[in-house]
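For reference, run_5.cif (mmCIF, C-alpha atoms):
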```
data_data
#
loop_
_atom_site.group_PDB
_atom_site.id
_atom_site.type_symbol
_atom_site.label_atom_id
_atom_site.label_comp_id
_atom_site.auth_asym_id
_atom_site.auth_seq_id
_atom_site.Cartn_x
_atom_site.Cartn_y
_atom_site.Cartn_z
ATOM 1 C CA MET Y 855 -15.106 6.347 12.519
ATOM 2 C CA ALA Y 856 -18.384 8.221 12.802
ATOM 3 C CA MET Y 857 -18.156 11.397 10.803
ATOM 4 C CA GLY Y 858 -20.637 12.999 13.198
ATOM 5 C CA GLY Y 859 -17.772 13.270 15.672
ATOM 6 C CA LEU Y 860 -15.958 15.967 13.699
ATOM 7 C CA ARG Y 861 -15.472 19.295 15.464
ATOM 8 C CA GLY Y 862 -15.948 21.401 12.351
ATOM 9 C CA ASP Y 863 -15.901 21.034 8.591
ATOM 10 C CA LEU Y 864 -13.652 18.567 6.827
ATOM 11 C CA GLU Y 865 -11.961 20.385 3.961
ATOM 12 C CA VAL Y 866 -10.480 19.176 0.689
ATOM 13 C CA ARG Y 867 -7.033 20.373 1.838
ATOM 14 C CA HIS Y 868 -7.241 18.083 4.879
ATOM 15 C CA CYS Y 869 -8.099 15.148 2.642
ATOM 16 C CA ARG Y 870 -5.361 15.882 0.117
ATOM 17 C CA ALA Y 871 -2.735 16.103 2.881
ATOM 18 C CA LEU Y 872 -3.913 12.896 4.559
ATOM 19 C CA ILE Y 873 -3.925 10.983 1.271
ATOM 20 C CA ALA Y 874 -0.502 12.319 0.283
ATOM 21 C CA VAL Y 875 0.986 11.246 3.614
ATOM 22 C CA ALA Y 876 -0.648 7.817 3.372
ATOM 23 C CA ASP Y 877 0.547 7.302 -0.198
ATOM 24 C CA GLY Y 878 4.005 8.820 0.290
ATOM 25 C CA GLY Y 879 4.794 7.482 3.730
ATOM 26 C CA GLY Y 880 5.579 10.800 5.371
ATOM 27 C CA VAL Y 881 5.226 14.549 5.501
ATOM 28 C CA VAL Y 882 8.256 15.314 3.305
ATOM 29 C CA ALA Y 883 7.022 13.044 0.512
ATOM 30 C CA ALA Y 884 3.514 14.479 0.870
ATOM 31 C CA ALA Y 885 4.836 18.026 0.563
ATOM 32 C CA ARG Y 886 6.729 17.091 -2.607
ATOM 33 C CA ALA Y 887 3.672 15.388 -4.102
ATOM 34 C CA LEU Y 888 1.424 18.342 -3.315
ATOM 35 C CA GLY Y 889 3.954 20.974 -4.376
ATOM 36 C CA VAL Y 890 3.852 22.771 -1.035
ATOM 37 C CA SER Y 891 6.231 23.216 1.867
ATOM 38 C CA GLN Y 892 6.642 20.641 4.597
ATOM 39 C CA SER Y 893 5.352 23.188 7.101
ATOM 40 C CA THR Y 894 2.157 23.633 5.083
ATOM 41 C CA VAL Y 895 1.476 19.893 5.213
ATOM 42 C CA SER Y 896 2.274 19.810 8.938
ATOM 43 C CA GLU Y 897 -0.042 22.744 9.646
ATOM 44 C CA THR Y 898 -2.821 21.139 7.611
ATOM 45 C CA LEU Y 899 -2.432 17.879 9.523
ATOM 46 C CA LEU Y 900 -2.510 19.753 12.838
ATOM 47 C CA ALA Y 901 -5.751 21.420 11.746
ATOM 48 C CA LEU Y 902 -7.127 17.979 10.844
ATOM 49 C CA GLU Y 903 -6.122 16.654 14.264
ATOM 50 C CA ARG Y 904 -7.985 19.496 15.951
ATOM 51 C CA LEU Y 905 -11.000 18.729 13.787
ATOM 52 C CA LEU Y 906 -10.908 15.021 14.623
ATOM 53 C CA GLY Y 907 -9.925 15.463 18.239
ATOM 54 C CA ALA Y 908 -7.306 12.759 17.712
ATOM 55 C CA PRO Y 909 -3.790 12.453 16.298
ATOM 56 C CA VAL Y 910 -3.476 11.399 12.653
ATOM 57 C CA LEU Y 911 0.211 10.437 12.530
ATOM 58 C CA GLN Y 912 2.602 8.362 14.524
ATOM 59 C CA ARG Y 913 6.042 9.679 13.712
ATOM 60 C CA ARG Y 914 8.669 6.981 13.333
ATOM 61 C CA PRO Y 915 12.157 8.514 13.216
ATOM 62 C CA GLY Y 916 13.984 7.268 10.156
ATOM 63 C CA LEU Y 917 10.925 5.381 8.913
ATOM 64 C CA GLY Y 918 8.517 8.161 7.970
ATOM 65 C CA ALA Y 919 5.082 8.345 9.490
ATOM 66 C CA ALA Y 920 2.311 5.831 10.065
ATOM 67 C CA LEU Y 921 -1.359 6.708 10.134
ATOM 68 C CA THR Y 922 -3.166 6.308 13.423
ATOM 69 C CA PRO Y 923 -6.366 4.258 13.627
ATOM 70 C CA ALA Y 924 -8.389 7.508 13.451
ATOM 71 C CA ALA Y 925 -6.616 8.500 10.234
ATOM 72 C CA ASP Y 926 -7.000 4.994 8.787
ATOM 73 C CA ALA Y 927 -10.741 5.202 9.437
ATOM 74 C CA LEU Y 928 -10.962 8.588 7.740
ATOM 75 C CA LEU Y 929 -8.799 7.697 4.728
ATOM 76 C CA PRO Y 930 -11.461 5.981 2.563
ATOM 77 C CA HIS Y 931 -13.820 8.912 3.156
ATOM 78 C CA ALA Y 932 -11.064 11.357 2.243
ATOM 79 C CA ARG Y 933 -10.388 9.476 -0.987
ATOM 80 C CA GLU Y 934 -14.087 9.506 -1.822
ATOM 81 C CA LEU Y 935 -14.374 13.237 -1.115
ATOM 82 C CA ILE Y 936 -11.435 13.960 -3.439
ATOM 83 C CA THR Y 937 -12.929 11.768 -6.177
ATOM 84 C CA VAL Y 938 -16.264 13.558 -5.936
ATOM 85 C CA SER Y 939 -14.581 16.958 -5.767
ATOM 86 C CA GLU Y 940 -12.528 16.285 -8.883
ATOM 87 C CA SER Y 941 -15.546 15.059 -10.846
ATOM 88 C CA ALA Y 942 -17.691 18.058 -9.901
#
```

For the structure just supplied, provide its representation as structure tokens.
Amino acid sequence: MAMGGLRGDLEVRHCRALIAVADGGGVVAAARALGVSQSTVSETLLALERLLGAPVLQRRPGLGAALTPAADALLPHARELITVSESA
């Protein structure tokens, strides 16, 4: 995914939410891991979707959520941003 296609600034909170969903398998697990409410994670992901201009999750009832191709493309960049942020 070309990062030049973003419609604004990617924020650390977007990256943390995306990584938590990817690692936990869903919004509920991500909320627990981040210590925030489920609605906070959902709102953050909606903001990320607006930024990307594409959905980031495919909801699978009873199975959690799967990342979309757009989210999969962003995930390594999000992990790198978090690593750099934490070492700064």

Got a sec to resolve the PyMOL selection byres ((chain Y and resi 931-938) around 10) on this structure and send the residues as an mmCIF file with C-alpha atoms, keeping the file's coordinate frame?
```cif
data_model
loop_
_atom_site.group_PDB
_atom_site.id
_atom_site.type_symbol
_atom_site.label_atom_id
_atom_site.label_comp_id
_atom_site.auth_asym_id
_atom_site.auth_seq_id
_atom_site.Cartn_x
_atom_site.Cartn_y
_atom_site.Cartn_z
ATOM 1 C CA MET Y 855 -15.106 6.347 12.519
ATOM 2 C CA MET Y 857 -18.156 11.397 10.803
ATOM 3 C CA LEU Y 864 -13.652 18.567 6.827
ATOM 4 C CA GLU Y 865 -11.961 20.385 3.961
ATOM 5 C CA VAL Y 866 -10.480 19.176 0.689
ATOM 6 C CA ARG Y 867 -7.033 20.373 1.838
ATOM 7 C CA HIS Y 868 -7.241 18.083 4.879
ATOM 8 C CA CYS Y 869 -8.099 15.148 2.642
ATOM 9 C CA ARG Y 870 -5.361 15.882 0.117
ATOM 10 C CA ALA Y 871 -2.735 16.103 2.881
ATOM 11 C CA LEU Y 872 -3.913 12.896 4.559
ATOM 12 C CA ILE Y 873 -3.925 10.983 1.271
ATOM 13 C CA ALA Y 925 -6.616 8.500 10.234
ATOM 14 C CA ASP Y 926 -7.000 4.994 8.787
ATOM 15 C CA ALA Y 927 -10.741 5.202 9.437
ATOM 16 C CA LEU Y 928 -10.962 8.588 7.740
ATOM 17 C CA LEU Y 929 -8.799 7.697 4.728
ATOM 18 C CA PRO Y 930 -11.461 5.981 2.563
ATOM 19 C CA SER Y 939 -14.581 16.958 -5.767
ATOM 20 C CA GLU Y 940 -12.528 16.285 -8.883
ATOM 21 C CA SER Y 941 -15.546 15.059 -10.846
ATOM 22 C CA ALA Y 942 -17.691 18.058 -9.901
#
```

Who sits within 12 Å of Y:Arg913, all atoms listed in the file, same chain under 2 positions skipped, as an mmCIF file with C-alpha atoms, in the frame of the given file:
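Result file part.cif:
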```
data_model
loop_
_atom_site.group_PDB
_atom_site.id
_atom_site.type_symbol
_atom_site.label_atom_id
_atom_site.label_comp_id
_atom_site.auth_asym_id
_atom_site.auth_seq_id
_atom_site.Cartn_x
_atom_site.Cartn_y
_atom_site.Cartn_z
ATOM 1 C CA VAL Y 875 0.986 11.246 3.614
ATOM 2 C CA GLY Y 879 4.794 7.482 3.730
ATOM 3 C CA GLY Y 880 5.579 10.800 5.371
ATOM 4 C CA VAL Y 881 5.226 14.549 5.501
ATOM 5 C CA SER Y 896 2.274 19.810 8.938
ATOM 6 C CA PRO Y 909 -3.790 12.453 16.298
ATOM 7 C CA VAL Y 910 -3.476 11.399 12.653
ATOM 8 C CA LEU Y 911 0.211 10.437 12.530
ATOM 9 C CA PRO Y 915 12.157 8.514 13.216
ATOM 10 C CA GLY Y 916 13.984 7.268 10.156
ATOM 11 C CA LEU Y 917 10.925 5.381 8.913
ATOM 12 C CA GLY Y 918 8.517 8.161 7.970
ATOM 13 C CA ALA Y 919 5.082 8.345 9.490
ATOM 14 C CA ALA Y 920 2.311 5.831 10.065
ATOM 15 C CA LEU Y 921 -1.359 6.708 10.134
ATOM 16 C CA THR Y 922 -3.166 6.308 13.423
#
```

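Coordinates place atom CA of Y:Leu888 at a distance of 16.7 Å from atom CA of Y:Leu900.
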
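Among the candidates Y:Ala924, Y:Ala884, Y:Val890, Y:Leu860, the residue lying nearest to Y:Arg904 is Y:Leu860 (atoms considered: only C-alpha atoms).
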
> Which residue out of Y:Gly889, Y:Gly862, Y:Gly878, Y:Pro923 has the minimum interatomic distance to Y:Ala908 when only C-alpha atoms are used?
Replying inline: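 Using only C-alpha atoms, Y:Ala908 sits closest to Y:Pro923.
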
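Distance-wise, atom CA of Y:Gln892 and atom CA of Y:Asp863 end up 22.9 Å apart.
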
> In Å, with one decimal, what is the gap from atom CA of Y:Gly907 to atom CA of Y:Ser893?
Replying inline: 20.4 Å

Return as AutoDock Vina command-line options the centre and edge lengths, in Å with one decimal, of the box along x, y and z that encloses every atom of stretch 879-883 of chain Y in the file, padded by 3 Å per side.
```
--center_x 6.5 --center_y 11.4 --center_z 3.0 --size_x 9.5 --size_y 13.8 --size_z 11.0
```

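Checking Y:Thr894, Y:Arg861, Y:Glu903, Y:Gln912 one by one against Y:Val882, counting only C-alpha atoms, you find the shortest gap at Y:Thr894.
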